[in-house]
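So this one's input16.txt, compact mmCIF, C-alpha atoms and all ligand atoms:
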```txt
# COMPACT_ATOMS: atom_id res chain seq x y z
CA MET A 601 140.42 140.70 177.45
CA THR A 602 136.86 141.75 176.56
CA LEU A 603 136.97 144.11 173.60
CA LEU A 604 133.27 144.59 172.95
CA GLU A 605 130.32 144.01 175.17
CA VAL A 606 126.84 144.70 173.86
CA ARG A 607 124.14 144.72 176.52
CA ASN A 608 120.43 144.69 175.86
CA LEU A 609 120.78 146.66 172.59
CA GLU A 610 117.45 147.93 171.21
CA VAL A 611 117.04 149.83 167.93
CA THR A 612 113.71 151.20 166.69
CA TYR A 613 113.61 153.17 163.43
CA PRO A 614 111.35 156.18 162.99
CA GLY A 615 108.07 154.61 161.91
CA GLY A 616 108.30 151.93 164.56
CA ALA A 617 110.39 149.12 163.03
CA ALA A 618 111.94 147.30 166.00
CA ALA A 619 115.01 146.17 164.06
CA VAL A 620 117.18 145.05 167.01
CA ARG A 621 115.60 143.73 170.22
CA GLY A 622 117.49 143.05 173.41
CA VAL A 623 120.77 141.86 171.86
CA ASP A 624 123.65 140.84 174.15
CA LEU A 625 127.04 139.97 172.63
CA THR A 626 130.59 139.67 173.92
CA LEU A 627 133.80 139.65 171.90
CA THR A 628 137.39 139.17 173.03
CA ALA A 629 140.44 140.49 171.12
CA GLY A 630 141.69 137.99 168.56
CA ARG A 631 138.27 136.28 168.30
CA LYS A 632 135.81 136.20 165.42
CA LEU A 633 132.06 136.39 165.90
CA GLY A 634 129.70 135.65 163.02
CA VAL A 635 126.20 137.16 162.87
CA ALA A 636 123.81 135.30 160.57
CA GLY A 637 120.16 135.56 159.57
CA GLU A 638 117.79 136.19 156.69
CA SER A 639 117.49 139.53 154.97
CA GLY A 640 115.75 142.04 157.23
CA CYS A 641 116.54 140.32 160.55
CA GLY A 642 118.55 143.32 161.77
CA LYS A 643 122.18 142.36 161.07
CA SER A 644 123.21 145.64 159.39
CA THR A 645 121.25 147.68 161.92
CA LEU A 646 123.23 145.98 164.67
CA ALA A 647 126.52 146.83 162.89
CA LEU A 648 125.52 150.46 162.35
CA ALA A 649 124.36 150.82 165.96
CA LEU A 650 127.79 149.73 167.24
CA LEU A 651 129.33 152.89 165.74
CA ARG A 652 126.28 155.19 166.01
CA LEU A 653 125.83 155.32 162.26
CA LEU A 654 122.02 155.08 162.33
CA PRO A 655 119.78 157.75 160.81
CA ALA A 656 118.62 160.66 162.97
CA GLY A 657 115.42 159.93 164.87
CA THR A 658 116.28 156.26 165.43
CA ARG A 659 115.75 155.21 169.05
CA VAL A 660 118.67 153.26 170.50
CA GLY A 661 118.79 151.73 173.98
CA GLY A 662 121.17 149.52 175.93
CA GLU A 663 124.96 149.66 176.05
CA VAL A 664 127.78 149.17 173.55
CA LEU A 665 130.97 148.95 175.57
CA LEU A 666 134.07 149.20 173.39
CA ASP A 667 137.13 148.70 175.56
CA GLY A 668 134.86 149.53 178.50
CA GLU A 669 133.59 152.86 177.08
CA ASN A 670 129.90 153.16 176.20
CA VAL A 671 129.74 154.25 172.54
CA LEU A 672 126.03 155.06 172.87
CA THR A 673 126.51 157.78 175.48
CA MET A 674 129.92 159.24 174.53
CA ARG A 675 130.21 162.78 173.10
CA TRP A 676 130.22 163.10 169.30
CA GLY A 677 133.87 164.20 169.28
CA ARG A 678 134.78 160.94 171.00
CA VAL A 679 132.52 158.92 168.66
CA ARG A 680 134.41 160.37 165.68
CA ALA A 681 137.70 159.38 167.30
CA VAL A 682 136.44 155.86 167.97
CA ARG A 683 135.30 155.36 164.35
CA TRP A 684 138.29 154.13 162.32
CA ALA A 685 140.69 154.17 165.28
CA GLY A 686 138.65 152.06 167.73
CA ALA A 687 136.48 150.12 165.32
CA SER A 688 135.88 150.28 161.58
CA ILE A 689 133.38 148.78 159.17
CA VAL A 690 133.94 147.02 155.84
CA PHE A 691 130.68 147.18 153.88
CA GLN A 692 129.58 144.92 151.06
CA GLY A 693 129.96 146.16 147.50
CA ALA A 694 133.14 148.26 147.58
CA MET A 695 132.12 149.98 144.33
CA HIS A 696 129.36 151.80 146.22
CA SER A 697 131.50 152.58 149.26
CA LEU A 698 134.48 153.99 147.35
CA ASN A 699 134.25 157.38 145.69
CA ALA A 700 134.46 156.84 141.92
CA VAL A 701 136.19 160.17 141.18
CA HIS A 702 139.08 159.89 143.67
CA ARG A 703 142.17 157.69 143.47
CA VAL A 704 141.96 154.85 146.01
CA GLY A 705 145.24 155.93 147.65
CA ASP A 706 143.78 159.36 148.43
CA GLN A 707 140.70 157.71 149.91
CA ILE A 708 142.80 155.52 152.21
CA ALA A 709 144.94 158.53 153.16
CA GLU A 710 141.90 160.54 154.26
CA PRO A 711 141.25 158.78 157.62
CA ILE A 712 145.02 158.50 158.18
CA LEU A 713 145.40 162.28 158.02
CA LEU A 714 142.12 162.95 159.83
CA HIS A 715 143.16 160.77 162.76
CA LYS A 716 146.73 162.08 162.67
CA LYS A 717 148.25 158.65 162.06
CA ALA A 718 150.48 160.62 159.69
CA THR A 719 151.00 164.39 159.73
CA THR A 720 152.39 165.00 156.25
CA ALA A 721 151.08 163.98 152.83
CA ALA A 722 154.33 162.09 152.16
CA ALA A 723 154.04 160.08 155.39
CA ALA A 724 150.38 159.30 154.62
CA ARG A 725 151.37 158.10 151.10
CA LYS A 726 154.01 155.82 152.63
CA ARG A 727 151.43 154.39 155.05
CA VAL A 728 148.95 153.86 152.18
CA GLY A 729 151.61 151.91 150.26
CA GLU A 730 152.31 149.72 153.29
CA LEU A 731 148.62 149.07 153.87
CA LEU A 732 148.03 148.11 150.23
CA GLU A 733 150.94 145.67 150.36
CA HIS A 734 149.60 144.30 153.62
CA VAL A 735 146.33 143.36 151.92
CA GLY A 736 148.12 141.82 148.93
CA LEU A 737 148.08 144.71 146.43
CA PRO A 738 151.12 146.47 144.95
CA ALA A 739 151.68 149.91 146.50
CA SER A 740 151.48 151.37 142.98
CA ARG A 741 147.73 150.61 142.90
CA ALA A 742 147.28 153.68 145.14
CA SER A 743 147.05 155.80 141.98
CA ALA A 744 144.20 153.71 140.51
CA TYR A 745 140.57 154.83 140.39
CA PRO A 746 138.02 152.32 141.74
CA HIS A 747 136.77 151.36 138.24
CA GLU A 748 140.32 150.35 137.26
CA LEU A 749 140.33 147.60 139.91
CA SER A 750 138.58 144.22 139.99
CA GLY A 751 135.86 143.53 142.59
CA GLY A 752 138.31 141.55 144.74
CA GLN A 753 140.94 144.31 144.53
CA ARG A 754 138.38 146.93 145.50
CA GLN A 755 137.38 144.88 148.52
CA ARG A 756 141.09 144.63 149.47
CA VAL A 757 141.24 148.44 149.26
CA MET A 758 138.24 148.63 151.61
CA ILE A 759 140.02 146.33 154.05
CA ALA A 760 143.21 148.43 153.82
CA MET A 761 141.10 151.50 154.57
CA ALA A 762 139.45 149.77 157.54
CA LEU A 763 142.92 148.97 158.93
CA ALA A 764 144.32 152.45 158.25
CA CYS A 765 144.00 153.79 161.80
CA ASP A 766 144.92 150.56 163.64
CA PRO A 767 141.44 149.75 164.97
CA ARG A 768 140.96 147.07 167.61
CA LEU A 769 137.68 145.85 166.10
CA ILE A 770 136.65 145.25 162.49
CA ILE A 771 133.00 144.90 161.58
CA ALA A 772 132.63 143.25 158.17
CA ASP A 773 129.08 143.48 156.78
CA GLU A 774 128.70 140.92 153.98
CA PRO A 775 132.30 141.64 152.88
CA THR A 776 132.33 139.02 150.13
CA THR A 777 128.73 138.86 148.96
CA ALA A 778 129.35 140.59 145.62
CA LEU A 779 132.41 138.46 144.77
CA ASP A 780 132.76 135.15 142.96
CA VAL A 781 133.52 132.07 145.03
CA MET A 782 137.31 131.93 144.44
CA ILE A 783 137.84 135.60 145.26
CA GLN A 784 135.45 135.30 148.19
CA ALA A 785 137.67 132.56 149.67
CA GLN A 786 140.80 134.71 149.19
CA ILE A 787 139.23 137.73 150.91
CA LEU A 788 137.97 135.61 153.80
CA ARG A 789 141.44 134.11 154.32
CA LEU A 790 142.93 137.63 154.21
CA ILE A 791 140.52 138.88 156.88
CA GLU A 792 141.23 135.83 159.05
CA GLN A 793 144.98 136.31 158.69
CA LEU A 794 144.83 140.01 159.59
CA VAL A 795 142.65 139.37 162.63
CA THR A 796 145.07 136.75 163.93
CA GLU A 797 148.26 138.72 163.12
CA GLN A 798 147.02 141.95 164.68
CA ASP A 799 144.98 140.42 167.50
CA LEU A 800 141.87 142.28 166.34
CA GLY A 801 138.29 141.45 167.16
CA LEU A 802 136.09 140.62 164.16
CA ILE A 803 132.33 140.74 163.76
CA MET A 804 131.41 139.25 160.43
CA ILE A 805 127.86 139.60 159.18
CA SER A 806 126.45 137.31 156.51
CA HIS A 807 123.27 135.57 155.47
CA ASP A 808 125.54 132.61 154.61
CA LEU A 809 125.93 130.39 157.67
CA SER A 810 128.47 128.13 155.96
CA VAL A 811 130.86 131.05 155.31
CA LEU A 812 130.60 132.13 158.94
CA ALA A 813 131.05 128.59 160.25
CA ASP A 814 134.29 128.38 158.22
CA THR A 815 135.63 131.75 159.32
CA CYS A 816 134.39 132.49 162.84
CA ASP A 817 134.90 131.08 166.32
CA ARG A 818 131.39 131.82 167.51
CA LEU A 819 128.12 132.34 165.74
CA ALA A 820 125.01 134.34 166.64
CA VAL A 821 121.86 133.66 164.63
CA MET A 822 119.36 136.53 164.47
CA TYR A 823 115.65 136.41 163.78
CA ALA A 824 113.31 139.43 163.86
CA GLY A 825 115.89 141.59 165.61
CA ARG A 826 116.76 139.09 168.29
CA VAL A 827 119.67 136.68 168.74
CA VAL A 828 117.89 133.32 168.88
CA GLU A 829 120.99 131.14 169.17
CA GLU A 830 124.62 131.75 170.03
CA GLY A 831 127.51 129.35 170.49
CA PRO A 832 130.67 127.81 168.99
CA ALA A 833 130.40 128.38 165.23
CA ARG A 834 130.74 124.79 163.99
CA GLN A 835 128.34 123.42 166.58
CA VAL A 836 125.67 125.99 165.74
CA TYR A 837 126.10 125.28 162.04
CA GLU A 838 126.18 121.48 162.27
CA ASP A 839 123.83 120.87 165.17
CA ALA A 840 121.66 123.94 165.80
CA LEU A 841 119.32 123.97 168.78
CA HIS A 842 116.83 126.67 167.74
CA PRO A 843 114.36 125.61 165.00
CA TYR A 844 115.13 128.77 163.01
CA ALA A 845 118.90 128.22 163.20
CA LYS A 846 118.29 124.57 162.18
CA ALA A 847 116.27 125.68 159.13
CA LEU A 848 118.86 128.29 158.18
CA SER A 849 121.74 125.82 158.34
CA ALA A 850 119.72 123.20 156.40
CA ALA A 851 119.25 125.78 153.64
CA PHE A 852 122.98 125.58 152.83
CA PRO A 853 124.36 122.52 151.03
CA ARG A 854 127.21 120.82 152.84
CA ILE A 855 130.47 119.68 151.28
CA GLY A 856 130.72 115.90 151.66
CA ASP A 857 126.99 115.47 152.19
CA PRO A 858 125.47 114.83 148.72
CA ALA A 859 121.95 114.43 150.18
CA SER A 860 121.96 117.99 151.50
CA ARG A 861 123.16 119.25 148.10
CA PHE A 862 120.10 117.98 146.36
CA ALA A 863 117.56 118.61 149.08
CA PRO A 864 118.19 121.95 150.74
CA ARG A 865 115.17 122.52 152.95
CA GLY A 866 113.72 126.02 152.76
CA LEU A 867 111.63 127.65 155.43
CA PRO A 868 108.03 128.46 154.51
CA GLY A 869 106.82 132.02 154.90
CA ASP A 870 108.66 135.31 155.28
CA PRO A 871 110.31 137.04 158.22
CA PRO A 872 107.84 139.35 160.00
CA ASP A 873 107.57 143.10 159.51
CA PRO A 874 109.57 144.55 162.43
CA ALA A 875 106.91 147.25 162.84
CA VAL A 876 104.20 144.60 163.45
CA LEU A 877 105.86 141.64 165.14
CA PRO A 878 103.89 138.50 166.02
CA THR A 879 103.00 138.09 169.69
CA GLY A 880 105.03 135.76 171.90
CA CYS A 881 108.04 134.19 170.13
CA ALA A 882 108.32 136.09 166.83
CA PHE A 883 109.27 132.86 165.04
CA HIS A 884 106.13 130.92 166.06
CA PRO A 885 104.10 131.44 162.83
CA ARG A 886 106.88 129.69 160.84
CA CYS A 887 108.02 127.24 163.48
CA PRO A 888 107.54 123.54 162.73
CA VAL A 889 107.66 122.62 166.44
CA ALA A 890 105.67 125.48 167.99
CA LEU A 891 103.73 124.71 171.15
CA GLU A 892 100.51 126.28 172.41
CA ALA A 893 102.51 128.64 174.62
CA CYS A 894 104.67 130.03 171.78
CA PRO A 895 102.23 132.71 170.50
CA VAL A 896 101.93 133.94 174.08
CA GLU A 897 105.35 133.60 175.71
CA ASP A 898 108.32 135.48 174.30
CA GLN A 899 111.65 133.68 174.60
CA VAL A 900 115.02 135.03 175.65
CA LEU A 901 118.43 133.38 175.31
CA ARG A 902 118.88 130.59 177.87
CA ASP A 903 121.95 128.64 178.78
CA ALA A 904 121.93 125.34 176.89
CA GLY A 905 125.26 123.99 178.22
CA ARG A 906 128.59 123.60 176.40
CA GLU A 907 128.88 127.39 175.97
CA ARG A 908 125.67 127.49 173.97
CA ARG A 909 122.55 129.61 174.36
CA ALA A 910 119.21 129.49 172.58
CA ALA A 911 115.88 131.31 172.87
CA CYS A 912 113.36 128.51 172.43
CA VAL A 913 110.80 126.85 174.66
CA HIS A 914 112.35 123.50 173.69
CA VAL A 915 115.76 124.46 175.01
CA GLY A 916 116.23 123.97 178.72
CA ALA A 917 112.51 123.12 179.08
CA PRO A 918 111.18 120.15 181.07
CA LYS A 919 110.94 116.97 178.96
CA ASP A 920 107.09 116.80 178.97
CA ALA A 921 106.90 120.23 177.27
CA ARG A 922 108.94 119.12 174.27
CA SER A 923 106.31 117.42 172.12
CA GLY A 924 105.46 119.66 169.16
CA THR A 925 101.84 120.46 168.23
N1 LIG B 1001 116.39 153.55 157.73
C1 LIG B 1001 115.41 152.68 158.02
N2 LIG B 1001 114.18 153.10 158.36
C2 LIG B 1001 113.20 152.22 158.67
N3 LIG B 1001 113.36 150.88 158.69
C3 LIG B 1001 114.57 150.41 158.35
C4 LIG B 1001 115.67 151.27 158.01
N4 LIG B 1001 116.75 150.52 157.71
C5 LIG B 1001 116.36 149.23 157.88
N5 LIG B 1001 115.06 149.18 158.26
C6 LIG B 1001 114.28 147.96 158.56
O1 LIG B 1001 114.86 147.31 159.67
C7 LIG B 1001 114.84 145.89 159.49
C8 LIG B 1001 116.24 145.36 159.62
O2 LIG B 1001 117.02 145.79 158.50
P1 LIG B 1001 118.57 145.43 158.33
O3 LIG B 1001 119.05 146.10 157.10
O4 LIG B 1001 119.25 145.69 159.60
O5 LIG B 1001 118.48 143.86 158.10
P2 LIG B 1001 119.62 142.87 157.54
O6 LIG B 1001 119.46 141.61 158.30
O7 LIG B 1001 120.93 143.53 157.55
O8 LIG B 1001 119.12 142.65 156.05
P3 LIG B 1001 120.02 142.52 154.70
O9 LIG B 1001 120.72 141.20 154.82
O10 LIG B 1001 118.99 142.55 153.62
O11 LIG B 1001 120.94 143.70 154.70
C9 LIG B 1001 114.22 145.64 158.12
O12 LIG B 1001 112.87 145.32 158.29
C10 LIG B 1001 114.37 146.96 157.40
O13 LIG B 1001 113.33 147.16 156.49
```
Structure translated into structure tokens:
Amino acid sequence: MTLLEVRNLEVTYPGGAAAVRGVDLTLTAGRKLGVAGESGCGKSTLALALLRLLPAGTRVGGEVLLDGENVLTMRWGRVRAVRWAGASIVFQGAMHSLNAVHRVGDQIAEPILLHKKATTAAAARKRVGELLEHVGLPASRASAYPHELSGGQRQRVMIAMALACDPRLIIADEPTTALDVMIQAQILRLIEQLVTEQDLGLIMISHDLSVLADTCDRLAVMYAGRVVEEGPARQVYEDALHPYAKALSAAFPRIGDPASRFAPRGLPGDPPDPAVLPTGCAFHPRCPVALEACPVEDQVLRDAGRERRAACVHVGAPKDARSGT
């Protein structure tokens, strides 16, 4: 069953930065969608837009259908009910997301009481203990302050908090970026396990394509606010169709491929300023296979077969148009 359907989502910040442009995404319960791309491509903006967490004055268009209800047009009272209980976000860097002066148990209990998942303090404490154990921490850690926990433990607390009101969708924005590799792997396995056990939907955001390819079923690669490629995660990672997705995946060394370890290929140039985007395909100034038409014609996602889509003139184009300039 479709859990989340994003249709033609557009986000423009005050000042004119077009951070998300015409994004369409679909997610089914129990499935994991990765969203990848360089810093500034609009990943976090997309996550924030899904739960209407963007700053006042931001222009948002399109539809975000969560269990069939459009989050973008619902009343604020309903939005507050949907946050935590319908969908919740795990942000990167738990130290900044947790309040340093409150015990972590009290912080997890807050949404539980607010959303009436427990009506007494004792029942909320019991639920906090269960949640902590569920994410691999002893219930007794509820009395700890954030600084008394390791980075991995704090991120487990954030995950427990995200699960507190039994959401159907978890949005994890760089959930392991601040952690060392061993702990990162543990947290990723935990998230995967919880998603499968509880039949949740997961949107995981990362600049690291290899992490997403390992964790997710499908992968969407963003560039300048647009999804430029979307498809089965391993295929997009190992055999990308869009030149940007190809460059991004080549930037990560592969286990078992010593050549790629020593020669990661970077992409020249920087992503464009979303307030002043290049004409045509926004990737054309950096694209190694741009054609004459690319500065003129914008590209949208096109069906590329085998459940894959890409927004490139070379995908689904007639053969004689495929020679690069
Ligand atoms: N509050 C804001 N006001 C104006 N512009 C913003 C605001 N927040 C983000 N932006 C701009 O929107 C664009 C997308 O930012 P966003 O944080 O969504 O990218 P990202 O892909 O998540 O990057 P990162 O990986 O660095 O978090 C960037 O150019 C950023 O500068």
Please determine the residues with any atom at most 9 Å from (117.3, 151.1, 170.0) (coordinates as given in the file, with all atoms listed in the file counting) and report them as a list in words.
Leu609, Glu610, Val611, Thr612, Tyr613, Ala618, Ala619, Val620, Arg621, Gly622, Ala649, Thr658, Arg659, Val660, Gly661 and Gly662 of chain A
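When all atoms listed in the file are used to measure the gap to ligand LIG 1001 (chain B), the shortest distance among A:Pro871, A:Gly736, A:Gly642, A:Gly634 belongs to A:Gly642.
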Could you tell me, as a CSV table (one decimal) with C-alpha atoms, in the coordinates of the input, which residues have any atom at most 12 Å from (135.7, 135.9, 141.8), counting only C-alpha atoms?
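Wrote result.csv, looks like this:
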```csv
chain,number,residue,atom,x,y,z
A,750,SER,CA,138.6,144.2,140.0
A,751,GLY,CA,135.9,143.5,142.6
A,752,GLY,CA,138.3,141.6,144.7
A,753,GLN,CA,140.9,144.3,144.5
A,754,ARG,CA,138.4,146.9,145.5
A,755,GLN,CA,137.4,144.9,148.5
A,776,THR,CA,132.3,139.0,150.1
A,777,THR,CA,128.7,138.9,149.0
A,778,ALA,CA,129.4,140.6,145.6
A,779,LEU,CA,132.4,138.5,144.8
A,780,ASP,CA,132.8,135.2,143.0
A,781,VAL,CA,133.5,132.1,145.0
A,782,MET,CA,137.3,131.9,144.4
A,783,ILE,CA,137.8,135.6,145.3
A,784,GLN,CA,135.4,135.3,148.2
A,785,ALA,CA,137.7,132.6,149.7
A,786,GLN,CA,140.8,134.7,149.2
A,787,ILE,CA,139.2,137.7,150.9
```
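Shell of Arg652 of chain A at 8 Å, with all atoms listed in the file counted and residues fewer than 6 places along the chain excluded, is Val671, Leu672 and Val679 of chain A.
Distances from A:Arg768, A:His884, A:Lys726, A:His842 to Ala904 of chain A were compared using all atoms listed in the file, and the smallest one belongs to A:His842.
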Identify, counting all atoms listed in the file, the protein, DNA and RNA residues located within 10 Å of ligand LIG 1001 (chain B), and give them as a compact mmCIF listing (two decimals) with C-alpha atoms, in the frame of the given file.
```txt
# COMPACT_ATOMS: atom_id res chain seq x y z
CA VAL A 611 117.04 149.83 167.93
CA THR A 612 113.71 151.20 166.69
CA TYR A 613 113.61 153.17 163.43
CA PRO A 614 111.35 156.18 162.99
CA GLY A 615 108.07 154.61 161.91
CA GLY A 616 108.30 151.93 164.56
CA ALA A 617 110.39 149.12 163.03
CA ALA A 618 111.94 147.30 166.00
CA ALA A 619 115.01 146.17 164.06
CA VAL A 620 117.18 145.05 167.01
CA VAL A 635 126.20 137.16 162.87
CA ALA A 636 123.81 135.30 160.57
CA GLY A 637 120.16 135.56 159.57
CA GLU A 638 117.79 136.19 156.69
CA SER A 639 117.49 139.53 154.97
CA GLY A 640 115.75 142.04 157.23
CA CYS A 641 116.54 140.32 160.55
CA GLY A 642 118.55 143.32 161.77
CA LYS A 643 122.18 142.36 161.07
CA SER A 644 123.21 145.64 159.39
CA THR A 645 121.25 147.68 161.92
CA LEU A 646 123.23 145.98 164.67
CA ALA A 647 126.52 146.83 162.89
CA LEU A 648 125.52 150.46 162.35
CA ALA A 649 124.36 150.82 165.96
CA LEU A 654 122.02 155.08 162.33
CA PRO A 655 119.78 157.75 160.81
CA ALA A 656 118.62 160.66 162.97
CA GLY A 657 115.42 159.93 164.87
CA THR A 658 116.28 156.26 165.43
CA GLN A 692 129.58 144.92 151.06
CA ASP A 773 129.08 143.48 156.78
CA GLU A 774 128.70 140.92 153.98
CA ILE A 805 127.86 139.60 159.18
CA SER A 806 126.45 137.31 156.51
CA HIS A 807 123.27 135.57 155.47
CA ASP A 808 125.54 132.61 154.61
CA MET A 822 119.36 136.53 164.47
CA TYR A 823 115.65 136.41 163.78
CA ALA A 824 113.31 139.43 163.86
CA GLY A 825 115.89 141.59 165.61
CA PRO A 871 110.31 137.04 158.22
CA PRO A 872 107.84 139.35 160.00
CA ASP A 873 107.57 143.10 159.51
CA PRO A 874 109.57 144.55 162.43
CA ALA A 875 106.91 147.25 162.84
```
How many Å separate atom CA of Val664 of chain A from atom CA of Glu605 of chain A?
6.0 Å
Just give me the gap between atom CA of Val876 of chain A and atom CA of Pro895 of chain A in Å, one decimal is fine.
14.0 Å
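Residues with any atom within 7 Å of Tyr837 of chain A, counting all atoms listed in the file and excluding same-chain neighbours fewer than 6 positions away, are Leu809, Ala813 and Ser849 of chain A.
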